[in-house]
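Trainee: So here's coords-v5.cif, just mmCIF, C-alpha atoms:
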data_final
loop_
_atom_site.label_atom_id
_atom_site.label_comp_id
_atom_site.auth_asym_id
_atom_site.auth_seq_id
_atom_site.Cartn_x
_atom_site.Cartn_y
_atom_site.Cartn_z
CA MET A 1 -4.11 18.61 16.91
CA SER A 2 -1.81 18.97 13.92
CA LEU A 3 -0.43 16.15 11.81
CA ILE A 4 2.95 16.19 10.10
CA SER A 5 3.89 13.26 7.90
CA ILE A 6 7.46 13.16 6.68
CA GLU A 7 9.64 11.00 4.50
CA ARG A 8 12.49 9.27 6.26
CA LYS A 9 15.74 11.05 5.60
CA VAL A 10 19.07 11.61 7.20
CA LEU A 11 19.27 15.19 8.31
CA GLN A 12 22.55 17.02 8.41
CA ALA A 13 23.68 19.30 11.19
CA ASN A 14 21.30 17.97 13.82
CA ASP A 15 23.34 19.51 16.60
CA GLU A 16 23.23 22.96 14.98
CA LEU A 17 19.46 22.78 14.67
CA ALA A 18 19.19 21.48 18.24
CA ALA A 19 21.16 24.51 19.48
CA GLU A 20 18.76 26.77 17.59
CA ASN A 21 15.80 24.97 19.15
CA ARG A 22 17.37 25.39 22.57
CA ASN A 23 17.80 29.12 22.03
CA LEU A 24 14.24 29.43 20.78
CA PHE A 25 12.85 27.56 23.80
CA LYS A 26 14.97 29.67 26.17
CA GLN A 27 13.85 32.89 24.53
CA LYS A 28 10.21 31.82 24.89
CA LYS A 29 10.85 30.56 28.47
CA ILE A 30 9.78 27.04 27.58
CA PHE A 31 11.16 24.07 29.51
CA ALA A 32 11.42 21.07 27.18
CA ILE A 33 11.78 17.39 28.06
CA ASN A 34 12.51 14.54 25.64
CA MET A 35 11.00 11.23 26.79
CA ILE A 36 12.68 8.09 25.46
CA SER A 37 11.73 4.43 25.89
CA SER A 38 10.93 1.18 24.13
CA PRO A 39 7.47 0.76 22.62
CA GLY A 40 4.87 0.07 25.25
CA SER A 41 6.71 1.31 28.33
CA GLY A 42 3.79 3.61 29.10
CA LYS A 43 5.21 6.96 27.91
CA THR A 44 1.86 8.21 26.65
CA SER A 45 0.08 7.24 29.87
CA LEU A 46 2.77 9.01 31.89
CA ILE A 47 2.35 12.12 29.73
CA GLU A 48 -1.44 11.97 30.20
CA GLN A 49 -0.97 11.78 33.97
CA THR A 50 1.62 14.57 33.94
CA ILE A 51 -0.68 16.85 31.96
CA SER A 52 -3.76 16.09 34.07
CA ARG A 53 -1.93 16.87 37.30
CA MET A 54 0.06 19.93 36.12
CA LYS A 55 -2.07 21.75 33.56
CA HIS A 56 -3.96 23.80 36.13
CA ARG A 57 -0.76 25.61 37.03
CA MET A 58 1.24 25.74 33.77
CA ASN A 59 0.68 25.67 30.03
CA ILE A 60 1.73 22.35 28.53
CA ALA A 61 2.15 21.30 24.90
CA VAL A 62 3.17 17.96 23.41
CA ILE A 63 5.07 16.85 20.32
CA THR A 64 4.72 13.10 19.86
CA GLY A 65 6.64 10.94 17.39
CA ASP A 66 5.56 7.62 15.92
CA ILE A 67 6.56 5.47 12.99
CA GLN A 68 2.91 5.32 11.93
CA THR A 69 -0.54 6.37 13.23
CA ASN A 70 -1.68 9.37 15.22
CA LEU A 71 -3.09 7.24 18.04
CA ASP A 72 -0.93 8.97 20.66
CA ALA A 73 -1.88 12.48 19.58
CA GLU A 74 -5.55 11.49 19.67
CA ARG A 75 -5.10 10.44 23.31
CA ILE A 76 -3.30 13.67 24.26
CA ASP A 77 -5.80 15.78 22.31
CA LYS A 78 -8.55 14.70 24.71
CA LEU A 79 -6.73 16.61 27.45
CA SER A 80 -7.19 19.88 25.53
CA VAL A 81 -3.54 20.81 25.24
CA PRO A 82 -1.76 21.69 21.98
CA VAL A 83 -0.34 18.52 20.42
CA VAL A 84 1.52 17.77 17.21
CA GLN A 85 1.94 14.23 15.88
CA ILE A 86 5.08 13.57 13.86
CA ILE A 87 4.77 10.42 11.73
CA THR A 88 8.28 9.40 10.73
CA ASN A 89 7.24 6.79 8.13
CA GLY A 90 9.87 4.34 9.31
CA GLY A 91 12.33 6.76 10.89
CA CYS A 92 13.58 5.34 14.16
CA HIS A 93 14.05 8.58 16.12
CA LEU A 94 13.07 12.24 16.20
CA ASP A 95 15.66 14.82 15.25
CA ALA A 96 15.99 18.54 15.83
CA GLY A 97 14.63 19.50 12.42
CA LEU A 98 11.47 17.46 12.90
CA VAL A 99 10.93 19.03 16.30
CA ARG A 100 11.49 22.50 14.85
CA ASN A 101 8.85 21.90 12.17
CA ALA A 102 6.43 20.46 14.67
CA PHE A 103 7.00 23.33 17.08
CA SER A 104 6.11 25.84 14.37
CA GLU A 105 2.59 24.37 14.44
CA ILE A 106 2.08 25.26 18.11
CA GLN A 107 4.41 28.21 18.76
CA THR A 108 1.57 30.75 18.86
CA HIS A 109 0.31 29.06 22.04
CA GLU A 110 1.55 30.13 25.45
CA ILE A 111 3.76 27.20 26.53
CA ASP A 112 5.66 26.67 29.79
CA LEU A 113 6.40 22.96 29.47
CA LEU A 114 6.97 21.21 26.14
CA ILE A 115 6.87 17.43 26.38
CA ILE A 116 8.47 15.64 23.43
CA GLU A 117 7.51 11.96 23.24
CA ASN A 118 10.11 10.25 21.10
CA VAL A 119 9.58 7.25 18.80
CA GLY A 120 9.41 3.99 20.78
CA ASN A 121 13.03 2.89 20.61
CA LEU A 122 15.48 2.54 23.48
CA VAL A 123 18.50 2.82 21.19
CA CYS A 124 18.55 5.42 18.43
CA PRO A 125 16.77 8.43 20.00
CA SER A 126 19.38 8.70 22.77
CA GLY A 127 21.98 9.97 20.30
CA TYR A 128 19.92 12.86 18.92
CA ASP A 129 19.81 16.21 20.68
CA LEU A 130 16.44 17.87 20.02
CA GLY A 131 17.21 21.07 21.92
CA GLU A 132 15.53 19.77 25.07
CA ASP A 133 16.48 20.80 28.61
CA CYS A 134 16.69 17.19 29.66
CA LYS A 135 16.09 13.66 28.48
CA ILE A 136 13.93 11.34 30.59
CA ALA A 137 14.27 7.57 30.16
CA VAL A 138 11.20 5.45 30.76
CA ILE A 139 11.35 1.71 31.30
CA SER A 140 8.59 -0.72 32.20
CA VAL A 141 9.24 -3.35 34.85
CA THR A 142 7.95 -5.88 32.30
CA GLU A 143 11.12 -5.33 30.25
CA GLY A 144 13.37 -6.90 32.88
CA ASP A 145 15.89 -5.53 35.35
CA ASP A 146 18.94 -6.10 33.13
CA LYS A 147 18.02 -3.55 30.49
CA PRO A 148 20.10 -0.56 31.72
CA LEU A 149 23.20 -2.73 31.31
CA LYS A 150 22.22 -3.88 27.83
CA TYR A 151 21.03 -0.47 26.55
CA PRO A 152 23.19 1.98 28.53
CA ALA A 153 23.22 5.03 26.23
CA VAL A 154 19.77 6.33 27.09
CA PHE A 155 20.48 5.98 30.82
CA MET A 156 23.85 7.71 30.34
CA ASN A 157 22.26 10.67 28.55
CA SER A 158 19.16 11.16 30.72
CA GLU A 159 18.70 13.15 33.92
CA ALA A 160 16.06 10.81 35.28
CA VAL A 161 14.61 7.37 34.70
CA ILE A 162 10.98 6.50 35.35
CA ILE A 163 10.49 2.82 36.18
CA ASN A 164 6.88 2.35 35.17
CA LYS A 165 4.07 -0.22 35.50
CA THR A 166 5.07 -1.15 39.05
CA ASP A 167 1.53 -2.49 39.63
CA LEU A 168 2.64 -5.53 37.61
CA LEU A 169 5.59 -6.37 39.88
CA PRO A 170 3.78 -9.09 41.86
CA HIS A 171 3.43 -11.04 38.61
CA LEU A 172 7.00 -10.62 37.33
CA ARG A 173 10.48 -11.89 37.99
CA CYS A 174 11.83 -8.33 37.96
CA SER A 175 13.54 -6.66 40.91
CA VAL A 176 13.07 -2.90 41.05
CA ASP A 177 16.11 -2.71 43.35
CA THR A 178 18.23 -4.46 40.72
CA LEU A 179 16.77 -2.31 37.95
CA ARG A 180 17.52 0.84 39.96
CA SER A 181 21.05 -0.21 40.86
CA ASN A 182 21.75 -1.23 37.25
CA ALA A 183 20.55 2.19 36.06
CA LEU A 184 22.66 3.96 38.71
CA SER A 185 25.69 1.83 37.79
CA VAL A 186 25.46 3.35 34.29
CA GLN A 187 25.04 6.89 35.65
CA SER A 188 25.13 7.59 39.36
CA LYS A 189 23.40 10.99 39.18
CA LEU A 190 20.17 9.69 37.63
CA GLY A 191 16.94 10.61 39.37
CA VAL A 192 15.03 7.36 39.73
CA PHE A 193 11.24 7.24 40.05
CA THR A 194 9.00 4.19 40.31
CA THR A 195 5.50 4.79 39.00
CA SER A 196 2.24 3.15 38.07
CA CYS A 197 -0.24 5.08 35.96
CA TYR A 198 -2.76 2.42 36.94
CA SER A 199 -2.52 2.89 40.72
CA GLY A 200 -1.03 6.39 40.71
CA GLU A 201 1.95 5.22 42.77
CA GLY A 202 5.01 7.41 42.54
CA LEU A 203 3.53 10.04 40.23
CA ASP A 204 3.75 12.77 42.88
CA ALA A 205 7.48 12.19 43.32
CA TRP A 206 8.06 12.41 39.57
CA LEU A 207 6.01 15.61 39.32
CA ASP A 208 7.81 17.15 42.31
CA TRP A 209 11.13 16.45 40.62
CA LEU A 210 9.88 17.92 37.34
CA ASP A 211 8.57 21.02 39.14
CA GLY A 212 11.92 21.48 40.85
CA ARG A 213 13.80 21.01 37.61
CA ILE A 214 11.63 23.62 35.85
CA ASN A 215 12.12 26.08 38.73
CA ASN A 216 15.88 25.53 38.71
CA ALA A 217 15.98 26.23 35.00
CA GLY A 218 14.39 29.61 35.69
CA VAL A 219 12.02 29.43 32.77
CA GLU A 220 8.93 30.43 34.69
CA LYS A 221 7.30 33.42 33.10
CA ASN A 222 5.66 34.92 36.17
CA ASP A 223 8.55 35.25 38.63
CA MET B 1 30.68 -19.19 23.83
CA SER B 2 32.50 -16.68 21.69
CA LEU B 3 32.50 -12.92 22.10
CA ILE B 4 32.81 -10.41 19.26
CA SER B 5 32.96 -6.74 20.14
CA ILE B 6 32.69 -4.33 17.22
CA GLU B 7 32.72 -0.60 16.62
CA ARG B 8 29.51 0.86 15.31
CA LYS B 9 29.72 1.56 11.61
CA VAL B 10 27.53 1.76 8.60
CA LEU B 11 28.25 -1.20 6.41
CA GLN B 12 27.94 -0.98 2.66
CA ALA B 13 26.32 -3.57 0.48
CA ASN B 14 24.38 -5.29 3.24
CA ASP B 15 22.12 -6.99 0.74
CA GLU B 16 25.05 -8.44 -1.17
CA LEU B 17 26.51 -9.87 2.03
CA ALA B 18 23.09 -11.16 3.05
CA ALA B 19 22.79 -13.01 -0.27
CA GLU B 20 26.20 -14.56 0.35
CA ASN B 21 25.10 -15.62 3.84
CA ARG B 22 21.93 -17.13 2.37
CA ASN B 23 23.96 -19.15 -0.13
CA LEU B 24 26.33 -20.28 2.59
CA PHE B 25 23.47 -21.41 4.85
CA LYS B 26 21.77 -23.20 1.94
CA GLN B 27 24.99 -24.97 0.99
CA LYS B 28 25.42 -26.13 4.59
CA LYS B 29 21.69 -27.02 4.85
CA ILE B 30 21.18 -24.63 7.72
CA PHE B 31 17.75 -23.08 8.34
CA ALA B 32 18.17 -19.59 9.80
CA ILE B 33 15.64 -17.42 11.62
CA ASN B 34 16.06 -13.78 12.60
CA MET B 35 14.12 -12.89 15.76
CA ILE B 36 13.18 -9.23 16.15
CA SER B 37 11.47 -7.42 19.02
CA SER B 38 11.68 -4.57 21.50
CA PRO B 39 13.88 -5.02 24.57
CA GLY B 40 12.29 -7.26 27.16
CA SER B 41 9.71 -9.03 24.98
CA GLY B 42 11.13 -12.36 26.06
CA LYS B 43 13.18 -13.31 22.97
CA THR B 44 15.91 -14.97 24.98
CA SER B 45 13.41 -16.97 27.05
CA LEU B 46 11.67 -18.10 23.85
CA ILE B 47 15.01 -19.15 22.40
CA GLU B 48 15.84 -21.07 25.58
CA GLN B 49 12.50 -22.90 25.37
CA THR B 50 12.94 -23.57 21.65
CA ILE B 51 16.39 -25.04 22.21
CA SER B 52 15.34 -27.15 25.20
CA ARG B 53 12.44 -28.68 23.29
CA MET B 54 14.16 -29.19 19.90
CA LYS B 55 17.81 -29.92 20.57
CA HIS B 56 17.28 -33.67 21.00
CA ARG B 57 16.30 -33.93 17.34
CA MET B 58 18.35 -31.24 15.59
CA ASN B 59 21.58 -29.30 16.03
CA ILE B 60 20.93 -25.72 17.04
CA ALA B 61 23.28 -22.73 17.23
CA VAL B 62 22.63 -19.15 18.28
CA ILE B 63 24.00 -15.75 17.31
CA THR B 64 22.78 -13.09 19.73
CA GLY B 65 23.16 -9.33 19.36
CA ASP B 66 23.20 -6.75 22.12
CA ILE B 67 24.28 -3.14 22.48
CA GLN B 68 26.30 -4.11 25.55
CA THR B 69 26.89 -7.16 27.79
CA ASN B 70 27.02 -10.85 27.04
CA LEU B 71 24.21 -11.70 29.47
CA ASP B 72 22.12 -13.35 26.74
CA ALA B 73 24.95 -15.54 25.50
CA GLU B 74 25.64 -16.62 29.08
CA ARG B 75 22.03 -17.80 29.36
CA ILE B 76 22.14 -19.69 26.04
CA ASP B 77 25.55 -21.16 26.87
CA LYS B 78 24.02 -23.06 29.77
CA LEU B 79 22.03 -25.11 27.24
CA SER B 80 25.26 -26.45 25.72
CA VAL B 81 24.71 -25.23 22.17
CA PRO B 82 27.19 -23.14 20.17
CA VAL B 83 26.52 -19.44 20.79
CA VAL B 84 28.19 -16.22 19.65
CA GLN B 85 27.51 -12.89 21.31
CA ILE B 86 27.79 -9.83 19.08
CA ILE B 87 28.20 -6.61 21.10
CA THR B 88 27.35 -3.72 18.79
CA ASN B 89 28.63 -0.95 21.10
CA GLY B 90 25.65 1.26 20.35
CA GLY B 91 24.65 -0.15 16.98
CA CYS B 92 20.88 -0.49 16.81
CA HIS B 93 20.61 -3.59 14.61
CA LEU B 94 22.56 -6.55 13.32
CA ASP B 95 23.65 -6.57 9.70
CA ALA B 96 24.78 -9.27 7.32
CA GLY B 97 28.48 -8.59 7.82
CA LEU B 98 28.22 -8.95 11.59
CA VAL B 99 26.34 -12.21 11.19
CA ARG B 100 28.94 -13.48 8.73
CA ASN B 101 31.75 -12.76 11.20
CA ALA B 102 29.84 -14.34 14.05
CA PHE B 103 29.00 -17.40 11.97
CA SER B 104 32.68 -17.96 11.21
CA GLU B 105 33.14 -18.64 14.95
CA ILE B 106 30.71 -21.58 14.92
CA GLN B 107 30.76 -22.88 11.34
CA THR B 108 32.80 -25.94 12.20
CA HIS B 109 29.83 -27.20 14.25
CA GLU B 110 27.11 -29.32 12.68
CA ILE B 111 24.13 -26.92 12.55
CA ASP B 112 20.57 -27.55 11.35
CA LEU B 113 18.87 -24.50 12.86
CA LEU B 114 20.60 -21.15 13.35
CA ILE B 115 18.70 -18.76 15.59
CA ILE B 116 19.76 -15.12 15.26
CA GLU B 117 18.55 -12.96 18.14
CA ASN B 118 18.62 -9.38 16.95
CA VAL B 119 19.31 -6.27 19.06
CA GLY B 120 16.24 -5.28 21.11
CA ASN B 121 14.65 -2.75 18.77
CA LEU B 122 11.31 -3.03 16.99
CA VAL B 123 12.29 -0.51 14.32
CA CYS B 124 15.74 -0.66 12.75
CA PRO B 125 16.44 -4.43 12.52
CA SER B 126 13.42 -5.00 10.27
CA GLY B 127 15.15 -3.25 7.38
CA TYR B 128 18.31 -5.37 7.39
CA ASP B 129 18.45 -8.71 5.61
CA LEU B 130 20.89 -11.00 7.39
CA GLY B 131 20.54 -13.90 4.96
CA GLU B 132 17.93 -15.61 7.14
CA ASP B 133 15.17 -17.89 5.81
CA CYS B 134 12.57 -15.94 7.73
CA LYS B 135 12.12 -13.14 10.22
CA ILE B 136 10.05 -13.77 13.35
CA ALA B 137 8.55 -10.82 15.21
CA VAL B 138 8.12 -11.13 18.97
CA ILE B 139 5.89 -8.83 20.98
CA SER B 140 4.96 -8.96 24.64
CA VAL B 141 1.35 -8.39 25.66
CA THR B 142 2.71 -5.82 28.12
CA GLU B 143 3.59 -3.57 25.16
CA GLY B 144 -0.05 -2.95 24.26
CA ASP B 145 -2.30 -4.13 21.45
CA ASP B 146 -1.76 -1.06 19.22
CA LYS B 147 1.91 -1.72 18.49
CA PRO B 148 1.57 -3.50 15.10
CA LEU B 149 -0.14 -0.35 13.78
CA LYS B 150 2.52 1.96 15.19
CA TYR B 151 5.53 -0.16 14.21
CA PRO B 152 4.32 -1.96 11.07
CA ALA B 153 7.60 -2.71 9.27
CA VAL B 154 8.64 -5.68 11.38
CA PHE B 155 5.19 -7.24 11.03
CA MET B 156 5.24 -6.57 7.28
CA ASN B 157 8.61 -8.31 6.86
CA SER B 158 8.10 -11.31 9.16
CA GLU B 159 6.55 -14.70 8.46
CA ALA B 160 5.23 -15.13 11.98
CA VAL B 161 4.62 -13.12 15.12
CA ILE B 162 4.91 -14.56 18.60
CA ILE B 163 2.69 -12.77 21.12
CA ASN B 164 4.53 -13.54 24.35
CA LYS B 165 4.01 -13.27 28.13
CA THR B 166 0.32 -14.23 27.89
CA ASP B 167 0.41 -15.27 31.57
CA LEU B 168 0.30 -11.54 32.36
CA LEU B 169 -2.94 -10.90 30.44
CA PRO B 170 -5.21 -11.02 33.52
CA HIS B 171 -3.33 -8.00 34.88
CA LEU B 172 -3.28 -5.90 31.69
CA ARG B 173 -5.57 -3.80 29.56
CA CYS B 174 -4.38 -5.59 26.42
CA SER B 175 -6.60 -7.62 24.13
CA VAL B 176 -4.83 -10.47 22.35
CA ASP B 177 -7.65 -10.50 19.77
CA THR B 178 -7.01 -6.84 19.00
CA LEU B 179 -3.25 -7.38 18.94
CA ARG B 180 -3.70 -10.34 16.55
CA SER B 181 -6.11 -8.49 14.26
CA ASN B 182 -3.85 -5.42 14.22
CA ALA B 183 -0.90 -7.62 13.23
CA LEU B 184 -2.96 -9.35 10.52
CA SER B 185 -4.20 -5.99 9.24
CA VAL B 186 -0.56 -5.13 8.52
CA GLN B 187 0.11 -8.50 6.86
CA SER B 188 -2.65 -11.06 6.44
CA LYS B 189 -0.34 -14.06 5.91
CA LEU B 190 1.41 -13.79 9.28
CA GLY B 191 1.49 -16.89 11.41
CA VAL B 192 0.35 -15.78 14.86
CA PHE B 193 1.31 -17.64 18.05
CA THR B 194 0.44 -16.74 21.62
CA THR B 195 2.95 -18.01 24.14
CA SER B 196 4.06 -17.88 27.74
CA CYS B 197 7.52 -19.13 28.63
CA TYR B 198 6.35 -19.05 32.25
CA SER B 199 3.37 -21.42 31.85
CA GLY B 200 4.49 -23.09 28.60
CA GLU B 201 1.26 -22.11 26.86
CA GLY B 202 1.44 -22.05 23.09
CA LEU B 203 5.05 -23.19 22.77
CA ASP B 204 4.04 -26.47 21.08
CA ALA B 205 2.16 -24.60 18.34
CA TRP B 206 5.15 -22.34 17.68
CA LEU B 207 7.52 -25.32 17.54
CA ASP B 208 5.15 -27.25 15.23
CA TRP B 209 5.12 -24.26 12.88
CA LEU B 210 8.90 -23.97 13.02
CA ASP B 211 9.29 -27.70 12.35
CA GLY B 212 6.97 -27.45 9.36
CA ARG B 213 8.79 -24.41 8.04
CA ILE B 214 12.16 -26.17 8.31
CA ASN B 215 10.76 -29.26 6.54
CA ASN B 216 9.26 -27.16 3.76
CA ALA B 217 12.59 -25.46 3.23
CA GLY B 218 14.10 -28.89 2.61
CA VAL B 219 17.22 -28.19 4.60
CA GLU B 220 17.18 -31.40 6.58
CA LYS B 221 20.39 -33.30 6.18
CA ASN B 222 19.13 -36.81 6.73
CA ASP B 223 16.19 -37.08 4.32
#
Translate the structure of the given file into structure tokens.

Mentor:
Amino acid sequence: MSLISIERKVLQANDELAAENRNLFKQKKIFAINMISSPGSGKTSLIEQTISRMKHRMNIAVITGDIQTNLDAERIDKLSVPVVQIITNGGCHLDAGLVRNAFSEIQTHEIDLLIIENVGNLVCPSGYDLGEDCKIAVISVTEGDDKPLKYPAVFMNSEAVIINKTDLLPHLRCSVDTLRSNALSVQSKLGVFTTSCYSGEGLDAWLDWLDGRINNAGVEKND
Amino acid sequence: MSLISIERKVLQANDELAAENRNLFKQKKIFAINMISSPGSGKTSLIEQTISRMKHRMNIAVITGDIQTNLDAERIDKLSVPVVQIITNGGCHLDAGLVRNAFSEIQTHEIDLLIIENVGNLVCPSGYDLGEDCKIAVISVTEGDDKPLKYPAVFMNSEAVIINKTDLLPHLRCSVDTLRSNALSVQSKLGVFTTSCYSGEGLDAWLDWLDGRINNAGVEKND
């Protein structure tokens, strides 16, 4: 586990750096996803589950962003995959330069799938290209079924949305059907997955989609 | 209900405008609170409960900010208090200029308590003074008990934190004691309230605190 602590700053030319990241990942045949959600949607648990179920058949690495603490990296580190914690010291999103610096800490590893866990924020991260192959929105059913309408950008810019913590549905006034249709009303091509890291529900469907997406991108090293 | 739709822009001199707002509120003997949380923490439900339980003894108005939609203002409007919806069109926080414009829509009303519901974002709003008397952080127990450590700024800058949705605790791996102690480790003077808008638990304690805070500020018109 590496730790990078940065001062908050506005970086210029994010898109240029993101394009460089994208070229670098392509050259190294790395498929990269950028996971975006509010705090507490269960991103880290989803990443833990994804790693546990996929790491026997591909090499996975994680870059995780937080305002403060390296709690998330400590969790991922237990799964024995390369992980870099970016502490933004107040910064509300990751940007391409931060990801580039973090990636330099792990680039000597063999990596097939790079999972970037963004800062917990449903708003700002959606506007920053990190050089990823696709953005994945995560939303917990505890947040309410109206959220895609109120925070549309992340749903507009993502390829898939994971509706998480479905084990809590019996205790909530949240309709997954409404949440799904609100997300699809923002962007009709979204892949929609309903998952619970507690019960394991829906994780296979998410992983099948991710597998397919990686295969379609043609980044596998051993074709 | 009024509706203001703005283009996202970086405003200069936010602090200067916030000071002007503060003077204006003081002159009109209005106590203003700025409620900050992630999406789906239950801010709007808390505001509904606060209004329902206090409006018989003081005049309340609401300014509510969202990236898109006026769903929140529609909910508040049903309680027959003046409400202005600010749609930020992507902007991740309210600022003093937006609040000033919104306030101009309702300033002819008699107002004792102005509740400003910020955009759902635990990060960016905490850095923007709106001219409020105090910031109130809201966090749902569904978000996890580590969040004050990972997103400390809002807890640092608030006078109180409302730990909401406690009715869900039996179904979660979240310790309210840990959440409380993590919040207090960031700022030891925080008022901490645990509430459920579903069961009504803890709302009286929050309202007692708010009443006391308003009295201490000496903004009551009929002393």

Trainee: Just the number, please: distance in Å from CA of Gly42 (chain B) to CA of Ser175 (chain A), one decimal.

Mentor: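 If I compute the distance from CA of Gly42 (chain B) to CA of Ser175 (chain A), I get 16.1 Å.
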
Trainee: Given the file shown, determine the residues that the PyMOL selection byres ((chain A) within 9 of (chain B)) selects; report them as a ChimeraX atom specification.

Mentor: /A:38-42,66-71,90-92,120-124,140,142-144,146-147,149-153,167-168,171-172

Trainee: Mind dumping the selected residues with C-alpha atoms as a CSV table (one decimal), in the coordinates of the input?

Mentor:
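Below is the file out23.csv, written as the result:
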chain,number,residue,atom,x,y,z
A,38,SER,CA,10.9,1.2,24.1
A,39,PRO,CA,7.5,0.8,22.6
A,40,GLY,CA,4.9,0.1,25.2
A,41,SER,CA,6.7,1.3,28.3
A,42,GLY,CA,3.8,3.6,29.1
A,66,ASP,CA,5.6,7.6,15.9
A,67,ILE,CA,6.6,5.5,13.0
A,68,GLN,CA,2.9,5.3,11.9
A,69,THR,CA,-0.5,6.4,13.2
A,70,ASN,CA,-1.7,9.4,15.2
A,71,LEU,CA,-3.1,7.2,18.0
A,90,GLY,CA,9.9,4.3,9.3
A,91,GLY,CA,12.3,6.8,10.9
A,92,CYS,CA,13.6,5.3,14.2
A,120,GLY,CA,9.4,4.0,20.8
A,121,ASN,CA,13.0,2.9,20.6
A,122,LEU,CA,15.5,2.5,23.5
A,123,VAL,CA,18.5,2.8,21.2
A,124,CYS,CA,18.6,5.4,18.4
A,140,SER,CA,8.6,-0.7,32.2
A,142,THR,CA,8.0,-5.9,32.3
A,143,GLU,CA,11.1,-5.3,30.2
A,144,GLY,CA,13.4,-6.9,32.9
A,146,ASP,CA,18.9,-6.1,33.1
A,147,LYS,CA,18.0,-3.6,30.5
A,149,LEU,CA,23.2,-2.7,31.3
A,150,LYS,CA,22.2,-3.9,27.8
A,151,TYR,CA,21.0,-0.5,26.6
A,152,PRO,CA,23.2,2.0,28.5
A,153,ALA,CA,23.2,5.0,26.2
A,167,ASP,CA,1.5,-2.5,39.6
A,168,LEU,CA,2.6,-5.5,37.6
A,171,HIS,CA,3.4,-11.0,38.6
A,172,LEU,CA,7.0,-10.6,37.3

Trainee: I need the output of the PyMOL selection byres ((chain B and resi 213) around 12) for this file as number ranges by chain; which residues are they?

Mentor: B: 31-33, 113, 133-136, 159-160, 191, 206-212, 214-220

Trainee: Suppose a student applies the PyMOL selection byres ((chain B and resi 43-51) around 7) to this structure; what residues should they get, written as a ChimeraX atom specification?

Mentor: /B:41-42,52-55,60,72,76,138,197

Trainee: Nearest to Asp112 (chain B): which of B:Val99, B:Ile63, B:Met58, B:Leu130 is it, counting only C-alpha atoms?

Mentor: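 Ranked by minimum distance to Asp112 (chain B), first place goes to B:Met58.
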
Trainee: So that I can see what lies close to Gly202 (chain A), please list as a PyMOL selection string the residues with an atom at most 10 Å from it, counting only C-alpha atoms and leaving out residues fewer than 4 positions away in the same chain.

Mentor: chain A and resi 162-164+166+193-197+206-207

Trainee: Which distance in Å separates CA of Asn34 (chain A) and CA of Asn118 (chain A), to one decimal?

Mentor: 6.7 Å

Trainee: Please determine an axis-aligned box that encloses all atoms of region 166-182 of chain A listed in the file, with 8 Å added on each side, and express its centre and edge lengths in Å to one decimal as JSON.

Mentor:
{"center_x": 11.6, "center_y": -5.5, "center_z": 40.3, "size_x": 36.2, "size_y": 28.7, "size_z": 22.1}

Trainee: Interatomic distance between CA of Ser181 (chain B) and CA of Phe155 (chain B)?

Mentor: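 Distance reported for this atom pair: 11.8 Å.
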
Trainee: So which one's closest to Gln107 (chain A), A:Ala137, A:Ile30, A:Met156, A:Val176? Using all atoms listed in the file, please.

Mentor: A:Ile30
